[in-house]
Structures are given as C-alpha cells and as structure tokens.
Amino acid sequence: MLRLTSSRVGRVLVHRAAVALGSSGSVRTASHGHAEVSDMADMSQPQYWDRADTPLPDRPYKDVLTAADKSLKQKEKGPWGQLSKEEKIALYRLMFHQTYPEMKQRSDEWKTVMGGIFIFLGFTGLVVWWQRVYVYPERPLTFDEDWQAKQLQRMLDMKVNPIEGFAAKWDYEKRQWK
C-alpha cells in the first residue's frame, strides 16, 4: 500500500502549483504541441451583443470614436429636434449594431438544413437499394403465398396437432374452417 507522509504531499502540491502558476502556461501548452498560449476572452469585462431579450448590452457597439462620431456625440447633448434623421440613425448605430427588426429577421439557414436532410435520405435510399439488389439473397420460396397455401394443406392432410392446434379448427367432412 502506498503511503505518503504529509511533507511529501506538501512538496507534491507546492511543485504542481509552481508549475501551473509560475510557467504561465508554457509547460501545459508544450505538452500539447502549442507554441504559444491562445488569447482568451476576458468575460469579466463588459461585452457587446445583439439580443432581443437583452435590450441594453454592457457596452456600446463602437468604443473607439472617430472625429465625426465625436462631433455627433457633441450634437447629441443639444436639442434633438435640431438633429436630422440620418444623424439620429448614426447615433443609434454608435450604440447598437442591429435594430430589433434586423435581429428578428429570419435567415435562410433552414434551406441548408433541409437540403442536408434530403441528401442524407437520398444517400440512405441508395444504400438500401444497393443492398437489396447486390447484397441480400433472393427472397425465399417459403414467402410465396402459393407455397404457404400448399404447406397449410399438407399440414391439414397430415392432421398436425388435431386436439388443440389449427387442425382441430378444420372440418374434414365439409373441407372448411369451423
């Protein structure tokens, strides 16, 4: 049985923490064949997104303003009656990327999905047809209705299971089912 003393456990934990924190990812990524650590999004910072169920994102769409945008923001502080319709739209586009109708507009992605489904079904149909023609053997003779009728007549003639079976339900004098 393996036993570790508390000092050995402490050394293992300190070593692992030093490798994980001190190497800034180079040891971890070197073992996976990566030359550098990829940038990760900092989710603690305010993010922008267009969602109909969340009308006000954490930050505006445009963070970095040009000179024209800055002058437009100065005009925004004045009376809005003096702003033209284009200026109001430009101010809206500084804060938001899409309007509600643009967010709710349906896409044509369903056509791609349905096309993929039909291609899959067509390919599956071709595989089933190919198997039926080239892989599976001929249908057995015992599946024919004539053969089954002859087999039934043969079993009735032999009086198979005449007490409780189907021969008990056959009237041999009238030659019909009871």
# chains A, B, ... in the order shown; residues from 1 in each chain; ligands from 1
>>> residues_around(residues="Thr142 of chain A", least_positions_apart="6", cutoff="12 Å", atoms="only C-alpha atoms", output="number ranges by chain")
A: 148-152
>>> write_last_selection(atoms="N, CA, C and O atoms", output="CSV table (one decimal), in the first residue's frame")
chain,number,residue,atom,x,y,z
A,148,GLN,N,-47.2,-21.3,-49.2
A,148,GLN,CA,-47.8,-21.3,-47.9
A,148,GLN,C,-49.1,-22.0,-47.9
A,148,GLN,O,-49.5,-22.7,-47.0
A,149,ALA,N,-49.9,-21.8,-49.0
A,149,ALA,CA,-51.2,-22.5,-49.1
A,149,ALA,C,-51.0,-24.0,-49.2
A,149,ALA,O,-51.7,-24.8,-48.6
A,150,LYS,N,-50.0,-24.4,-50.0
A,150,LYS,CA,-49.7,-25.8,-50.2
A,150,LYS,C,-49.2,-26.4,-48.8
A,150,LYS,O,-49.6,-27.5,-48.5
A,151,GLN,N,-48.4,-25.7,-48.1
A,151,GLN,CA,-47.9,-26.2,-46.8
A,151,GLN,C,-49.0,-26.3,-45.8
A,151,GLN,O,-49.1,-27.3,-45.1
A,152,LEU,N,-50.0,-25.4,-45.8
A,152,LEU,CA,-51.1,-25.4,-44.9
A,152,LEU,C,-51.9,-26.7,-45.2
A,152,LEU,O,-52.4,-27.4,-44.3
>>> closest_residue(among="A:Leu94, A:Gln74, A:Met43, A:Leu83", to="Lys62 of chain A", atoms="only C-alpha atoms")
A:Leu94
>>> residues_around(residues="Pro46 of chain A", least_positions_apart="3", cutoff="12 Å", atoms="only C-alpha atoms", output="PyMOL selection string")
chain A and resi 41-43+49+56-61+63
>>> write_last_selection(atoms="N, CA, C and O atoms", output="CSV table (one decimal), in the first residue's frame")
chain,number,residue,atom,x,y,z
A,41,ALA,N,-11.0,35.3,-24.2
A,41,ALA,CA,-11.9,36.5,-24.0
A,41,ALA,C,-12.0,36.7,-22.5
A,41,ALA,O,-12.3,35.7,-21.8
A,42,ASP,N,-11.8,37.9,-22.0
A,42,ASP,CA,-12.0,38.2,-20.6
A,42,ASP,C,-13.5,38.5,-20.4
A,42,ASP,O,-14.0,39.5,-20.6
A,43,MET,N,-14.1,37.5,-19.8
A,43,MET,CA,-15.6,37.6,-19.6
A,43,MET,C,-15.9,38.4,-18.4
A,43,MET,O,-17.1,38.7,-18.2
A,49,TRP,N,-23.3,42.6,-27.3
A,49,TRP,CA,-24.0,41.5,-28.1
A,49,TRP,C,-25.4,42.1,-28.5
A,49,TRP,O,-25.9,43.0,-27.9
A,56,LEU,N,-30.3,46.1,-23.5
A,56,LEU,CA,-29.1,47.0,-23.3
A,56,LEU,C,-27.9,46.2,-23.0
A,56,LEU,O,-27.7,45.7,-21.9
A,57,PRO,N,-27.0,46.2,-24.0
A,57,PRO,CA,-25.7,45.4,-23.7
A,57,PRO,C,-24.8,46.2,-22.7
A,57,PRO,O,-25.1,47.3,-22.4
A,58,ASP,N,-23.8,45.5,-22.3
A,58,ASP,CA,-22.9,46.1,-21.2
A,58,ASP,C,-22.2,47.3,-21.7
A,58,ASP,O,-21.8,48.2,-20.9
A,59,ARG,N,-21.8,47.3,-23.0
A,59,ARG,CA,-21.1,48.5,-23.5
A,59,ARG,C,-21.6,48.8,-24.9
A,59,ARG,O,-22.3,48.0,-25.5
A,60,PRO,N,-21.3,50.0,-25.4
A,60,PRO,CA,-21.8,50.4,-26.7
A,60,PRO,C,-21.1,49.6,-27.8
A,60,PRO,O,-20.1,49.0,-27.6
A,61,TYR,N,-21.7,49.6,-29.0
A,61,TYR,CA,-21.2,48.9,-30.1
A,61,TYR,C,-19.8,49.4,-30.5
A,61,TYR,O,-18.9,48.7,-30.8
A,63,ASP,N,-16.6,51.5,-29.4
A,63,ASP,CA,-15.9,52.1,-28.3
A,63,ASP,C,-15.0,53.2,-28.8
A,63,ASP,O,-14.9,54.2,-28.1
>>> select_by_dssp(residues="segment 12-173 of chain A", states="alpha helix (DSSP H)", output="number ranges by chain")
A: 12-22, 26-30, 67-76, 85-95, 100-104, 109-130, 145-157
>>> atom_distance(atom1="atom CA of Pro162 of chain A", atom2="atom CA of Arg175 of chain A")
14.6 Å
>>> atom_distance(atom1="atom CA of Ala68 of chain A", atom2="atom CA of Ser84 of chain A")
14.9 Å
>>> decode(residues="segment 143-154 of chain A", atoms="all heavy atoms", output="mmCIF file, in the first residue's frame")
data_model
loop_
_atom_site.group_PDB
_atom_site.id
_atom_site.type_symbol
_atom_site.label_atom_id
_atom_site.label_comp_id
_atom_site.auth_asym_id
_atom_site.auth_seq_id
_atom_site.Cartn_x
_atom_site.Cartn_y
_atom_site.Cartn_z
ATOM 1 N N PHE A 143 -41.799 -17.702 -48.769
ATOM 2 C CA PHE A 143 -42.577 -16.483 -48.584
ATOM 3 C C PHE A 143 -43.713 -16.353 -49.603
ATOM 4 O O PHE A 143 -44.586 -15.519 -49.446
ATOM 5 C CB PHE A 143 -41.671 -15.266 -48.694
ATOM 6 C CG PHE A 143 -40.884 -14.974 -47.449
ATOM 7 C CD1 PHE A 143 -40.683 -15.918 -46.471
ATOM 8 C CD2 PHE A 143 -40.334 -13.726 -47.261
ATOM 9 C CE1 PHE A 143 -39.962 -15.648 -45.336
ATOM 10 C CE2 PHE A 143 -39.613 -13.442 -46.125
ATOM 11 C CZ PHE A 143 -39.417 -14.406 -45.158
ATOM 12 N N ASP A 144 -43.709 -17.161 -50.639
ATOM 13 C CA ASP A 144 -44.766 -17.087 -51.651
ATOM 14 C C ASP A 144 -46.086 -17.588 -51.071
ATOM 15 O O ASP A 144 -46.130 -18.543 -50.295
ATOM 16 C CB ASP A 144 -44.404 -17.929 -52.877
ATOM 17 C CG ASP A 144 -43.235 -17.344 -53.633
ATOM 18 O OD1 ASP A 144 -42.955 -16.143 -53.449
ATOM 19 O OD2 ASP A 144 -42.601 -18.102 -54.421
ATOM 20 N N GLU A 145 -47.178 -16.957 -51.487
ATOM 21 C CA GLU A 145 -48.494 -17.342 -50.969
ATOM 22 C C GLU A 145 -48.895 -18.733 -51.442
ATOM 23 O O GLU A 145 -49.542 -19.482 -50.708
ATOM 24 C CB GLU A 145 -49.536 -16.307 -51.393
ATOM 25 C CG GLU A 145 -49.385 -14.987 -50.693
ATOM 26 C CD GLU A 145 -50.475 -13.992 -51.085
ATOM 27 O OE1 GLU A 145 -51.556 -14.430 -51.516
ATOM 28 O OE2 GLU A 145 -50.232 -12.786 -50.947
ATOM 29 N N ASP A 146 -48.518 -19.103 -52.672
ATOM 30 C CA ASP A 146 -48.858 -20.441 -53.175
ATOM 31 C C ASP A 146 -48.195 -21.515 -52.328
ATOM 32 O O ASP A 146 -48.818 -22.514 -51.965
ATOM 33 C CB ASP A 146 -48.395 -20.587 -54.631
ATOM 34 C CG ASP A 146 -49.172 -19.684 -55.569
ATOM 35 O OD1 ASP A 146 -50.305 -19.307 -55.197
ATOM 36 O OD2 ASP A 146 -48.647 -19.371 -56.660
ATOM 37 N N TRP A 147 -46.908 -21.321 -52.006
ATOM 38 C CA TRP A 147 -46.189 -22.302 -51.210
ATOM 39 C C TRP A 147 -46.799 -22.402 -49.819
ATOM 40 O O TRP A 147 -46.953 -23.504 -49.278
ATOM 41 C CB TRP A 147 -44.715 -21.905 -51.106
ATOM 42 C CG TRP A 147 -43.882 -23.006 -50.526
ATOM 43 C CD1 TRP A 147 -43.248 -23.982 -51.205
ATOM 44 C CD2 TRP A 147 -43.638 -23.234 -49.143
ATOM 45 N NE1 TRP A 147 -42.595 -24.819 -50.339
ATOM 46 C CE2 TRP A 147 -42.818 -24.386 -49.057
ATOM 47 C CE3 TRP A 147 -44.010 -22.614 -47.962
ATOM 48 C CZ2 TRP A 147 -42.377 -24.911 -47.847
ATOM 49 C CZ3 TRP A 147 -43.567 -23.133 -46.758
ATOM 50 C CH2 TRP A 147 -42.768 -24.265 -46.709
ATOM 51 N N GLN A 148 -47.173 -21.267 -49.219
ATOM 52 C CA GLN A 148 -47.764 -21.283 -47.880
ATOM 53 C C GLN A 148 -49.121 -21.989 -47.899
ATOM 54 O O GLN A 148 -49.458 -22.726 -46.965
ATOM 55 C CB GLN A 148 -47.895 -19.858 -47.345
ATOM 56 C CG GLN A 148 -46.560 -19.246 -46.977
ATOM 57 C CD GLN A 148 -46.692 -17.819 -46.486
ATOM 58 O OE1 GLN A 148 -47.773 -17.238 -46.493
ATOM 59 N NE2 GLN A 148 -45.569 -17.253 -46.054
ATOM 60 N N ALA A 149 -49.897 -21.767 -48.971
ATOM 61 C CA ALA A 149 -51.193 -22.455 -49.066
ATOM 62 C C ALA A 149 -50.998 -23.967 -49.197
ATOM 63 O O ALA A 149 -51.712 -24.757 -48.571
ATOM 64 C CB ALA A 149 -51.978 -21.915 -50.261
ATOM 65 N N LYS A 150 -50.021 -24.384 -50.005
ATOM 66 C CA LYS A 150 -49.736 -25.811 -50.158
ATOM 67 C C LYS A 150 -49.235 -26.407 -48.845
ATOM 68 O O LYS A 150 -49.592 -27.536 -48.488
ATOM 69 C CB LYS A 150 -48.694 -26.022 -51.249
ATOM 70 C CG LYS A 150 -49.231 -25.776 -52.645
ATOM 71 C CD LYS A 150 -48.140 -25.968 -53.677
ATOM 72 C CE LYS A 150 -48.623 -25.607 -55.064
ATOM 73 N NZ LYS A 150 -47.540 -25.712 -56.060
ATOM 74 N N GLN A 151 -48.408 -25.676 -48.109
ATOM 75 C CA GLN A 151 -47.888 -26.154 -46.830
ATOM 76 C C GLN A 151 -49.016 -26.305 -45.815
ATOM 77 O O GLN A 151 -49.064 -27.292 -45.071
ATOM 78 C CB GLN A 151 -46.813 -25.197 -46.300
ATOM 79 C CG GLN A 151 -46.163 -25.626 -45.024
ATOM 80 C CD GLN A 151 -45.278 -26.845 -45.194
ATOM 81 O OE1 GLN A 151 -44.976 -27.286 -46.295
ATOM 82 N NE2 GLN A 151 -44.888 -27.427 -44.068
ATOM 83 N N LEU A 152 -49.951 -25.360 -45.807
ATOM 84 C CA LEU A 152 -51.096 -25.442 -44.902
ATOM 85 C C LEU A 152 -51.941 -26.665 -45.235
ATOM 86 O O LEU A 152 -52.350 -27.418 -44.333
ATOM 87 C CB LEU A 152 -51.932 -24.163 -44.982
ATOM 88 C CG LEU A 152 -53.205 -24.139 -44.148
ATOM 89 C CD1 LEU A 152 -52.868 -24.187 -42.664
ATOM 90 C CD2 LEU A 152 -54.027 -22.918 -44.466
ATOM 91 N N GLN A 153 -52.179 -26.891 -46.525
ATOM 92 C CA GLN A 153 -52.975 -28.049 -46.937
ATOM 93 C C GLN A 153 -52.268 -29.347 -46.564
ATOM 94 O O GLN A 153 -52.895 -30.299 -46.116
ATOM 95 C CB GLN A 153 -53.250 -28.006 -48.443
ATOM 96 C CG GLN A 153 -54.201 -29.080 -48.916
ATOM 97 C CD GLN A 153 -55.560 -28.979 -48.245
ATOM 98 O OE1 GLN A 153 -56.133 -27.898 -48.140
ATOM 99 N NE2 GLN A 153 -56.065 -30.110 -47.760
ATOM 100 N N ARG A 154 -50.958 -29.372 -46.707
ATOM 101 C CA ARG A 154 -50.164 -30.557 -46.350
ATOM 102 C C ARG A 154 -50.283 -30.839 -44.855
ATOM 103 O O ARG A 154 -50.453 -31.985 -44.433
ATOM 104 C CB ARG A 154 -48.711 -30.318 -46.736
ATOM 105 C CG ARG A 154 -47.805 -31.459 -46.423
ATOM 106 C CD ARG A 154 -46.392 -31.159 -46.933
ATOM 107 N NE ARG A 154 -45.440 -32.006 -46.298
ATOM 108 C CZ ARG A 154 -44.709 -31.716 -45.228
ATOM 109 N NH1 ARG A 154 -44.808 -30.528 -44.681
ATOM 110 N NH2 ARG A 154 -43.879 -32.586 -44.707
#
